[in-house]
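What follows is the content of start_4.txt, which has compact mmCIF, C-alpha atoms:
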```
# COMPACT_ATOMS: atom_id res chain seq x y z
CA MET A 1068 14.59 52.66 57.62
CA PHE A 1069 11.71 51.81 59.89
CA PRO A 1070 10.86 48.15 60.22
CA GLU A 1071 7.44 48.78 58.69
CA GLN A 1072 8.97 50.31 55.58
CA LEU A 1073 11.49 47.51 55.35
CA LYS A 1074 8.73 44.96 55.55
CA LYS A 1075 6.86 46.65 52.72
CA VAL A 1076 9.88 46.79 50.43
CA ILE A 1077 10.72 43.14 51.03
CA GLN A 1078 7.14 42.08 50.39
CA ASP A 1079 7.13 43.93 47.08
CA ILE A 1080 10.31 42.35 45.83
CA PHE A 1081 9.15 39.00 47.03
CA TYR A 1082 5.84 39.39 45.25
CA GLN A 1083 7.42 40.46 41.98
CA LEU A 1084 9.96 37.69 41.90
CA SER A 1085 7.30 35.12 42.73
CA ASN A 1086 5.01 36.47 40.01
CA THR A 1087 7.67 36.45 37.32
CA GLN A 1088 8.58 32.87 38.05
CA GLN A 1089 4.94 31.88 38.29
CA ASP A 1090 4.35 33.39 34.82
CA SER A 1091 7.26 31.46 33.46
CA ILE A 1092 5.90 28.24 34.99
CA SER A 1093 2.38 28.84 33.65
CA ASN A 1094 3.76 29.56 30.22
CA LYS A 1095 5.79 26.37 30.23
CA GLU A 1096 2.82 24.36 31.47
CA GLU A 1097 0.74 25.66 28.60
CA ARG A 1098 3.41 24.70 26.10
CA LEU A 1099 3.69 21.25 27.69
CA ALA A 1100 -0.06 20.68 27.39
CA ASN A 1101 0.06 21.90 23.81
CA LEU A 1102 2.93 19.60 22.86
CA SER A 1103 1.20 16.67 24.57
CA ARG A 1104 -1.91 17.26 22.47
CA GLN A 1105 0.14 17.47 19.27
CA LEU A 1106 1.98 14.31 20.20
CA GLN A 1107 -1.24 12.45 20.88
CA SER A 1108 -2.89 13.52 17.63
CA LEU A 1109 0.24 12.59 15.70
CA GLN A 1110 0.30 9.18 17.39
CA THR A 1111 -3.31 8.57 16.36
CA LYS A 1112 -2.52 9.67 12.80
CA ASN A 1113 0.52 7.43 12.79
CA ARG A 1114 -1.45 4.40 13.95
CA LYS A 1115 -4.07 4.99 11.27
CA LEU A 1116 -1.42 5.41 8.57
CA ALA A 1117 0.25 2.17 9.64
CA GLU A 1118 -3.10 0.34 9.53
CA ILE A 1119 -3.93 1.65 6.06
CA LEU A 1120 -0.42 0.79 4.88
CA GLN A 1121 -0.82 -2.76 6.20
CA ARG A 1122 -4.14 -3.20 4.37
CA VAL A 1123 -2.89 -1.70 1.10
CA ALA A 1124 0.33 -3.72 1.32
CA GLU A 1125 -1.63 -6.93 1.86
CA LYS A 1126 -3.80 -6.22 -1.19
CA LEU A 1127 -0.78 -5.47 -3.34
CA CYS A 1128 1.02 -8.56 -2.11
CA ARG A 1129 -2.03 -10.70 -2.89
CA GLU A 1130 -2.22 -9.29 -6.43
CA LEU A 1131 1.47 -10.01 -7.00
CA TYR A 1132 1.24 -13.45 -5.35
CA ASN A 1133 -1.84 -14.52 -7.30
CA LYS A 1134 -0.19 -13.65 -10.62
CA THR A 1135 2.36 -16.43 -10.35
CA GLY A 1136 1.48 -18.31 -7.15
CA GLU A 1137 4.50 -16.88 -5.35
CA HIS A 1138 6.13 -13.62 -4.37
CA ARG A 1139 8.81 -12.49 -1.93
CA CYS A 1140 6.20 -10.44 -0.06
CA SER A 1141 4.21 -13.55 0.91
CA PRO A 1142 3.37 -13.80 4.63
CA CYS A 1143 3.85 -17.58 4.46
CA PRO A 1144 7.08 -19.57 4.86
CA GLU A 1145 8.71 -21.12 1.81
CA LYS A 1146 6.78 -24.07 0.32
CA TRP A 1147 3.59 -22.90 2.08
CA LYS A 1148 0.70 -21.64 -0.03
CA TRP A 1149 -1.04 -18.41 0.91
CA HIS A 1150 -4.83 -18.40 0.82
CA GLY A 1151 -7.18 -16.02 2.64
CA ASP A 1152 -5.63 -15.29 6.02
CA LYS A 1153 -3.93 -18.69 6.27
CA CYS A 1154 -0.86 -20.51 5.05
CA TYR A 1155 -1.22 -24.11 3.83
CA ARG A 1156 1.33 -26.82 3.41
CA PHE A 1157 0.58 -29.87 1.25
CA CYS A 1158 3.69 -31.87 1.80
CA SER A 1159 5.07 -35.03 0.31
CA ASP A 1160 5.92 -36.81 3.58
CA SER A 1161 3.60 -39.77 4.18
CA LYS A 1162 2.55 -40.57 7.74
CA SER A 1163 -0.31 -42.04 9.74
CA TRP A 1164 -3.09 -39.61 10.65
CA GLN A 1165 -1.58 -39.24 14.12
CA GLY A 1166 1.86 -38.81 12.60
CA CYS A 1167 0.52 -35.97 10.46
CA GLU A 1168 -1.03 -34.35 13.51
CA TYR A 1169 2.38 -34.31 15.22
CA PHE A 1170 4.08 -33.21 12.00
CA CYS A 1171 1.76 -30.18 11.71
CA ILE A 1172 2.21 -29.26 15.39
CA ALA A 1173 5.98 -29.38 14.90
CA GLU A 1174 5.51 -26.91 12.03
CA ASN A 1175 3.65 -24.58 14.40
CA ALA A 1176 0.48 -25.51 12.55
CA THR A 1177 -2.62 -27.69 12.74
CA MET A 1178 -4.10 -30.24 10.32
CA LEU A 1179 -6.07 -28.95 7.31
CA LYS A 1180 -9.59 -27.87 8.24
CA ILE A 1181 -12.22 -27.46 5.51
CA SER A 1182 -15.14 -25.65 7.07
CA THR A 1183 -16.04 -23.02 4.49
CA GLN A 1184 -16.93 -23.13 0.78
CA GLU A 1185 -13.97 -20.90 0.08
CA VAL A 1186 -11.44 -23.19 1.74
CA LEU A 1187 -13.12 -26.20 0.08
CA GLU A 1188 -12.64 -24.60 -3.33
CA PHE A 1189 -9.01 -23.89 -2.56
CA ALA A 1190 -8.11 -27.19 -0.87
CA MET A 1191 -9.83 -29.76 -3.09
CA PRO A 1192 -7.92 -28.86 -6.28
CA GLN A 1193 -4.68 -29.42 -4.32
CA SER A 1194 -5.72 -33.06 -3.91
CA TYR A 1195 -5.69 -33.92 -7.63
CA SER A 1196 -2.99 -36.46 -8.20
CA GLU A 1197 -2.36 -38.88 -11.03
CA PHE A 1198 -0.42 -41.10 -8.63
CA PHE A 1199 -3.24 -41.19 -6.08
CA TYR A 1200 -1.36 -39.29 -3.42
CA SER A 1201 -3.98 -38.34 -0.87
CA TYR A 1202 -3.77 -35.98 2.11
CA TRP A 1203 -4.93 -36.48 5.66
CA THR A 1204 -7.26 -33.71 6.83
CA GLY A 1205 -7.92 -32.77 10.44
CA LEU A 1206 -11.27 -34.59 10.35
CA SER A 1207 -11.63 -37.78 12.41
CA ARG A 1208 -13.98 -39.61 14.76
CA ASN A 1209 -13.63 -41.79 17.84
CA GLY A 1210 -15.21 -44.90 16.35
CA SER A 1211 -18.07 -45.32 13.87
CA ARG A 1212 -20.80 -44.26 16.31
CA GLN A 1213 -19.16 -40.95 17.18
CA ALA A 1214 -19.44 -37.60 15.38
CA TRP A 1215 -16.86 -36.42 12.86
CA LEU A 1216 -14.81 -33.61 14.44
CA TRP A 1217 -12.04 -31.31 13.28
CA THR A 1218 -8.93 -31.20 15.49
CA ASP A 1219 -10.16 -27.98 17.14
CA GLY A 1220 -13.34 -29.79 18.22
CA THR A 1221 -15.76 -28.17 15.73
CA PRO A 1222 -18.16 -30.60 14.06
CA TYR A 1223 -18.13 -31.61 10.38
CA SER A 1224 -20.89 -30.13 8.23
CA SER A 1225 -22.26 -32.60 5.68
CA GLU A 1226 -23.60 -29.70 3.61
CA LEU A 1227 -20.10 -28.69 2.57
CA PHE A 1228 -18.85 -32.05 1.30
CA GLU A 1229 -19.68 -35.72 1.55
CA ILE A 1230 -17.45 -38.29 3.26
CA ILE A 1231 -17.32 -41.41 1.13
CA ILE A 1232 -17.30 -44.44 3.42
CA ASP A 1233 -16.17 -47.84 2.16
CA PHE A 1234 -18.56 -50.19 3.95
CA THR A 1235 -16.98 -53.29 2.42
CA SER A 1236 -13.88 -52.93 4.57
CA LEU A 1237 -13.72 -54.60 7.96
CA ARG A 1238 -11.13 -52.25 9.40
CA SER A 1239 -12.20 -49.09 11.23
CA ARG A 1240 -12.18 -46.05 8.98
CA ASP A 1241 -12.22 -43.07 11.27
CA CYS A 1242 -9.94 -40.53 9.57
CA VAL A 1243 -10.72 -38.43 6.51
CA THR A 1244 -8.40 -38.06 3.56
CA ILE A 1245 -8.87 -36.02 0.38
CA LEU A 1246 -8.04 -37.25 -3.12
CA ASN A 1247 -9.04 -35.91 -6.53
CA GLY A 1248 -11.52 -33.47 -5.04
CA LYS A 1249 -13.33 -36.03 -2.87
CA ALA A 1250 -13.21 -36.93 0.83
CA PHE A 1251 -12.88 -40.55 1.98
CA SER A 1252 -12.90 -42.14 5.41
CA LYS A 1253 -9.87 -44.38 5.78
CA ASP A 1254 -7.94 -46.37 8.36
CA CYS A 1255 -6.08 -43.80 10.51
CA LYS A 1256 -2.99 -46.02 10.54
CA GLU A 1257 -2.51 -45.87 6.76
CA LEU A 1258 0.38 -43.70 5.56
CA ARG A 1259 -0.77 -40.64 3.63
CA ARG A 1260 0.59 -37.20 2.96
CA CYS A 1261 0.14 -34.42 5.52
CA ALA A 1262 -1.80 -31.20 4.92
CA CYS A 1263 -1.24 -28.46 7.51
CA GLU A 1264 -2.47 -24.92 7.99
CA ARG A 1265 -1.47 -21.95 10.13
CA ARG A 1266 -2.37 -18.31 10.44
CA ALA A 1267 -0.59 -16.05 7.95
CA ALA A 1268 1.81 -13.45 9.36
CA ALA A 1269 1.89 -9.86 8.09
CA VAL A 1270 3.00 -9.41 4.48
CA LYS A 1271 6.67 -8.49 3.98
CA LEU A 1272 6.38 -4.77 3.42
CA GLU A 1273 10.06 -4.37 2.57
CA SER A 1274 9.54 -6.51 -0.54
CA LEU A 1275 6.87 -4.16 -1.82
CA HIS A 1276 8.38 -0.68 -2.01
CA MET B 865 14.04 40.47 66.65
CA PHE B 866 17.14 42.37 65.68
CA PRO B 867 17.28 43.68 62.14
CA GLU B 868 20.24 41.42 61.38
CA GLN B 869 18.32 38.32 62.40
CA LEU B 870 15.30 39.45 60.44
CA LYS B 871 17.41 39.93 57.35
CA LYS B 872 18.80 36.41 57.65
CA VAL B 873 15.37 34.84 58.02
CA ILE B 874 14.00 36.70 55.03
CA GLN B 875 17.01 35.77 52.91
CA ASP B 876 16.54 32.12 53.75
CA ILE B 877 12.86 32.06 52.82
CA PHE B 878 13.59 34.03 49.70
CA TYR B 879 16.30 31.62 48.72
CA GLN B 880 14.18 28.54 49.33
CA LEU B 881 11.19 29.85 47.43
CA SER B 882 13.33 30.87 44.52
CA ASN B 883 15.04 27.49 44.45
CA THR B 884 11.79 25.53 44.53
CA GLN B 885 10.36 27.49 41.66
CA GLN B 886 13.61 27.27 39.74
CA ASP B 887 13.54 23.49 40.16
CA SER B 888 10.00 23.39 38.86
CA ILE B 889 11.00 25.48 35.86
CA SER B 890 14.04 23.32 35.09
CA ASN B 891 11.94 20.22 35.37
CA LYS B 892 9.34 21.61 32.99
CA GLU B 893 12.01 22.72 30.54
CA GLU B 894 13.42 19.24 30.51
CA ARG B 895 9.99 17.75 29.82
CA LEU B 896 9.44 20.30 27.07
CA ALA B 897 12.70 19.38 25.37
CA ASN B 898 11.84 15.72 25.74
CA LEU B 899 8.38 16.13 24.21
CA SER B 900 9.82 18.21 21.37
CA ARG B 901 12.24 15.43 20.54
CA GLN B 902 9.46 12.83 20.62
CA LEU B 903 7.30 15.01 18.40
CA GLN B 904 10.09 15.48 15.89
CA SER B 905 10.92 11.80 15.69
CA LEU B 906 7.23 10.97 15.29
CA GLN B 907 6.90 13.54 12.52
CA THR B 908 9.83 11.97 10.67
CA LYS B 909 8.32 8.52 11.14
CA ASN B 910 4.97 9.83 9.91
CA ARG B 911 6.48 11.36 6.79
CA LYS B 912 8.29 8.11 5.99
CA LEU B 913 5.12 6.05 6.53
CA ALA B 914 3.17 8.38 4.25
CA GLU B 915 5.86 8.06 1.56
CA ILE B 916 5.92 4.27 1.76
CA LEU B 917 2.11 4.19 1.71
CA GLN B 918 2.08 6.36 -1.41
CA ARG B 919 4.56 4.09 -3.19
CA VAL B 920 2.78 0.86 -2.18
CA ALA B 921 -0.62 2.37 -3.08
CA GLU B 922 0.67 3.38 -6.52
CA LYS B 923 1.98 -0.12 -7.17
CA LEU B 924 -1.30 -1.70 -6.08
CA CYS B 925 -3.31 0.76 -8.16
CA ARG B 926 -1.15 0.01 -11.20
CA GLU B 927 -1.69 -3.73 -10.75
CA LEU B 928 -5.45 -3.26 -10.49
CA TYR B 929 -5.52 -0.75 -13.36
CA ASN B 930 -3.45 -2.92 -15.69
CA LYS B 931 -5.75 -5.91 -15.16
CA THR B 932 -8.67 -4.26 -16.95
CA GLY B 933 -7.35 -0.93 -18.22
CA GLU B 934 -9.31 0.98 -15.62
CA HIS B 935 -9.83 1.28 -11.87
CA ARG B 936 -11.38 3.79 -9.49
CA CYS B 937 -7.98 4.35 -7.91
CA SER B 938 -6.53 5.75 -11.16
CA PRO B 939 -4.76 9.09 -10.76
CA CYS B 940 -6.07 10.16 -14.18
CA PRO B 941 -9.42 11.81 -14.99
CA GLU B 942 -12.17 9.77 -16.66
CA LYS B 943 -11.44 8.86 -20.29
CA TRP B 944 -7.70 9.45 -19.74
CA LYS B 945 -5.33 6.50 -19.91
CA TRP B 946 -2.70 6.05 -17.21
CA HIS B 947 0.80 5.16 -18.31
CA GLY B 948 4.04 5.67 -16.37
CA ASP B 949 3.73 8.93 -14.48
CA LYS B 950 1.44 10.52 -17.06
CA CYS B 951 -2.18 10.58 -18.14
CA TYR B 952 -2.99 10.42 -21.86
CA ARG B 953 -6.11 11.39 -23.74
CA PHE B 954 -6.69 10.12 -27.27
CA CYS B 955 -9.92 11.89 -28.09
CA SER B 956 -12.31 11.72 -30.98
CA ASP B 957 -12.56 15.49 -31.61
CA SER B 958 -10.91 16.44 -34.92
CA LYS B 959 -9.12 19.77 -35.12
CA SER B 960 -6.21 21.48 -36.88
CA TRP B 961 -2.82 21.02 -35.21
CA GLN B 962 -3.16 24.46 -33.63
CA GLY B 963 -6.72 23.62 -32.60
CA CYS B 964 -5.43 20.52 -30.83
CA GLU B 965 -2.75 22.55 -29.09
CA TYR B 966 -5.45 24.84 -27.66
CA PHE B 967 -7.67 21.86 -26.88
CA CYS B 968 -4.93 20.22 -24.81
CA ILE B 969 -4.09 23.45 -22.98
CA ALA B 970 -7.78 23.84 -22.10
CA GLU B 971 -7.59 20.33 -20.63
CA ASN B 972 -4.67 21.43 -18.45
CA ALA B 973 -2.42 19.32 -20.65
CA THR B 974 0.01 19.51 -23.55
CA MET B 975 0.13 17.70 -26.89
CA LEU B 976 1.42 14.11 -26.97
CA LYS B 977 5.22 13.91 -26.78
CA ILE B 978 6.97 10.70 -27.78
CA SER B 979 10.54 10.99 -26.61
CA THR B 980 11.25 7.61 -25.03
CA GLN B 981 11.01 4.01 -26.25
CA GLU B 982 8.54 3.31 -23.47
CA VAL B 983 6.14 6.07 -24.49
CA LEU B 984 6.57 5.06 -28.15
CA GLU B 985 5.51 1.50 -27.31
CA PHE B 986 2.51 2.78 -25.42
CA ALA B 987 1.40 5.52 -27.83
CA MET B 988 1.81 3.86 -31.22
CA PRO B 989 -0.67 1.02 -30.56
CA GLN B 990 -3.26 3.69 -29.69
CA SER B 991 -3.00 4.95 -33.27
CA TYR B 992 -4.26 1.75 -34.93
CA SER B 993 -7.54 2.54 -36.63
CA GLU B 994 -9.43 0.77 -39.36
CA PHE B 995 -11.07 4.06 -40.29
CA PHE B 996 -7.73 5.87 -40.61
CA TYR B 997 -8.32 8.20 -37.66
CA SER B 998 -4.94 9.72 -36.95
CA TYR B 999 -3.77 11.84 -34.00
CA TRP B 1000 -1.77 15.06 -34.01
CA THR B 1001 1.32 14.81 -31.84
CA GLY B 1002 3.16 17.77 -30.32
CA LEU B 1003 5.86 17.51 -33.02
CA SER B 1004 6.06 20.32 -35.63
CA ARG B 1005 8.50 22.57 -37.44
CA ASN B 1006 8.55 26.15 -38.67
CA GLY B 1007 8.91 25.36 -42.37
CA SER B 1008 10.78 22.58 -44.16
CA ARG B 1009 14.24 23.96 -43.39
CA GLN B 1010 13.70 24.12 -39.64
CA ALA B 1011 14.19 21.39 -37.03
CA TRP B 1012 11.35 19.24 -35.76
CA LEU B 1013 10.53 20.31 -32.21
CA TRP B 1014 8.13 19.12 -29.51
CA THR B 1015 5.89 21.79 -28.00
CA ASP B 1016 8.22 22.10 -24.98
CA GLY B 1017 11.09 22.99 -27.35
CA THR B 1018 13.00 19.70 -27.12
CA PRO B 1019 14.22 18.35 -30.47
CA TYR B 1020 12.94 15.24 -32.26
CA SER B 1021 15.23 12.21 -32.18
CA SER B 1022 15.22 10.28 -35.46
CA GLU B 1023 16.55 7.21 -33.64
CA LEU B 1024 13.23 6.68 -31.91
CA PHE B 1025 10.95 6.74 -34.95
CA GLU B 1026 10.98 7.91 -38.54
CA ILE B 1027 8.79 10.73 -39.89
CA ILE B 1028 7.38 9.70 -43.24
CA ILE B 1029 7.30 12.76 -45.51
CA ASP B 1030 5.12 12.83 -48.62
CA PHE B 1031 7.34 14.71 -51.10
CA THR B 1032 4.75 14.55 -53.88
CA SER B 1033 2.51 17.09 -52.14
CA LEU B 1034 2.96 20.78 -52.89
CA ARG B 1035 1.49 21.97 -49.61
CA SER B 1036 3.70 22.48 -46.55
CA ARG B 1037 3.72 19.48 -44.23
CA ASP B 1038 5.09 20.71 -40.95
CA CYS B 1039 3.06 18.85 -38.33
CA VAL B 1040 3.41 15.20 -37.30
CA THR B 1041 0.49 12.83 -36.98
CA ILE B 1042 0.50 9.15 -35.95
CA LEU B 1043 -1.54 6.45 -37.64
CA ASN B 1044 -1.26 2.66 -37.49
CA GLY B 1045 2.02 2.80 -35.61
CA LYS B 1046 3.73 5.22 -38.01
CA ALA B 1047 4.46 8.95 -37.96
CA PHE B 1048 3.65 11.15 -40.96
CA SER B 1049 4.30 14.83 -41.63
CA LYS B 1050 1.08 16.48 -42.74
CA ASP B 1051 -0.45 19.89 -43.45
CA CYS B 1052 -1.00 21.49 -40.02
CA LYS B 1053 -4.39 22.84 -41.15
CA GLU B 1054 -5.88 19.39 -41.74
CA LEU B 1055 -8.40 18.22 -39.18
CA ARG B 1056 -7.19 15.28 -37.13
CA ARG B 1057 -7.88 13.89 -33.68
CA CYS B 1058 -6.10 15.37 -30.64
CA ALA B 1059 -3.74 13.44 -28.35
CA CYS B 1060 -2.92 15.16 -25.06
CA GLU B 1061 -0.85 14.29 -22.02
CA ARG B 1062 -0.50 15.61 -18.49
CA ARG B 1063 1.26 14.63 -15.29
CA ALA B 1064 -0.60 12.01 -13.25
CA ALA B 1065 -1.86 13.07 -9.82
CA ALA B 1066 -1.50 10.84 -6.75
CA VAL B 1067 -3.46 7.58 -6.83
CA LYS B 1068 -6.81 7.64 -5.05
CA LEU B 1069 -5.89 5.94 -1.79
CA GLU B 1070 -9.50 5.82 -0.56
CA SER B 1071 -10.36 3.44 -3.43
CA LEU B 1072 -7.71 1.00 -2.29
CA HIS B 1073 -8.43 0.12 1.33
```

structure tokens encoding of this file:
Amino acid sequence: MFPEQLKKVIQDIFYQLSNTQQDSISNKEERLANLSRQLQSLQTKNRKLAEILQRVAEKLCRELYNKTGEHRCSPCPEKWKWHGDKCYRFCSDSKSWQGCEYFCIAENATMLKISTQEVLEFAMPQSYSEFFYSYWTGLSRNGSRQAWLWTDGTPYSSELFEIIIDFTSLRSRDCVTILNGKAFSKDCKELRRCACERRAAAVKLESLH
Amino acid sequence: MFPEQLKKVIQDIFYQLSNTQQDSISNKEERLANLSRQLQSLQTKNRKLAEILQRVAEKLCRELYNKTGEHRCSPCPEKWKWHGDKCYRFCSDSKSWQGCEYFCIAENATMLKISTQEVLEFAMPQSYSEFFYSYWTGLSRNGSRQAWLWTDGTPYSSELFEIIIDFTSLRSRDCVTILNGKAFSKDCKELRRCACERRAAAVKLESLH
């Protein structure tokens, strides 16, 4: 064979082999892109399904919970009441206002805040007590000339409820307690029951299906 | 260059090229297999999510439906009552027993079948009427010496309810009607209201979230 012929033959083989493998690579790349797209669309679908499931599960849990005031699916710990997107604890321990603040923090919670009509309508009925057990709320002020503030720093709105102040007392009355549907300013050192709140977790799906 | 040397050089290049492409192919094959696995596991997860969602949605819909006896989420057509996994229609059209059979079929349904305690407890209260409007059920027989059969061919169980037969009448009384919680055998040609049933569809998820 002449070198020129040899060169030609080798080039041909080379070219064919290269082409076949290149085809195989292109084909695989196409399948990879295709699978990636499928995977992505399925992931989106999955996320949406999970979101819808969470919403539907929460509605079902609320229906079941509201029937009897409790249900295993509740997103709140035992002894905590579920309302809206929060859990509330009205507990029987009596402490100073400061003591209640620490108590709530230890429960991974904050003191009861009543800043909407809805929460007002839920919280006030909890304060009815024939033995005059009242609850400390998160509302307080730094002396009688200061503004009433919730523990998160937001101001009190007098449109929502009135704070009944006992002017006859000589002691400072800078913390707000609720009793029988009304709010009173009282001496922060007095021992009263603690009311705490915290964000509700996700409902317990496994108790629903 | 001597031919031997040339051959060696070409072989080397050939070998390297081939190896590089083979590596690329192997690598892509591995990624393909990996993506396929991911896709499969996601599909399984998706199917499970969809199943759980369907179950939770049905429970929620039943809660909402049972509150008022109706809800947009109901898997039954308008005017049909939802009970268990079936839809029931107790309609005010009066027809012969045969007429009711055709009426139900036209509604993509069959005549009312009472073969469980649960259905009995649901269906009988529907038959209370101060104007004595009774409903034909799917129970009939081919003459007084034959067995009572539901339209799907299953036999009547006397343990579930009694069929009250009026022996004083001379006419044949081979079809069963329900009225005020009781079952009576009556002349199939008499005009009575139709009671139909059909399998419930899936609850309307879009009315739930």

With 6 Å as the limit and counting all atoms listed in the file, what residues in chain A lie close to chain B? Please list them as a PyMOL selection string. chain A and resi 1092+1099+1106+1113+1120+1123+1127+1276

Give the centre and edge lengths of an axis-aligned box, in Å to one decimal, that holds all listed atoms of segment 973-977 of chain B with 6 Å on each side, as AutoDock Vina command-line options.
```
--center_x 1.4 --center_y 16.7 --center_z -23.8 --size_x 19.6 --size_y 17.6 --size_z 18.3
```

Counting all atoms listed in the file, which residues come within 7 Å of (9.5, 21.4, -32.6), with the point read in the file's coordinates, and could you list them as an MDAnalysis selection string? chainID B and resid 1003:1005 1011:1015 1017:1019

Exercise: segment 1056-1064 of chain B partners within 7 Å, only C-alpha atoms, chain neighbours under 3 positions left out, as a PyMOL selection string: chain B and resi 939-940+949-960+964+968+973-976+997-1001

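Atom pair atom CA of Phe995 of chain B / atom CA of Cys1052 of chain B has a distance of 20.1 Å (rounded to one decimal).
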
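Proximity of B:Tyr929, B:Trp961, B:Phe986, B:Trp944 to Glu1054 of chain B, computed with only C-alpha atoms, is greatest for B:Trp961.
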
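The space between atom CA of Cys1039 of chain B and atom CA of Asp1051 of chain B spans 6.3 Å.
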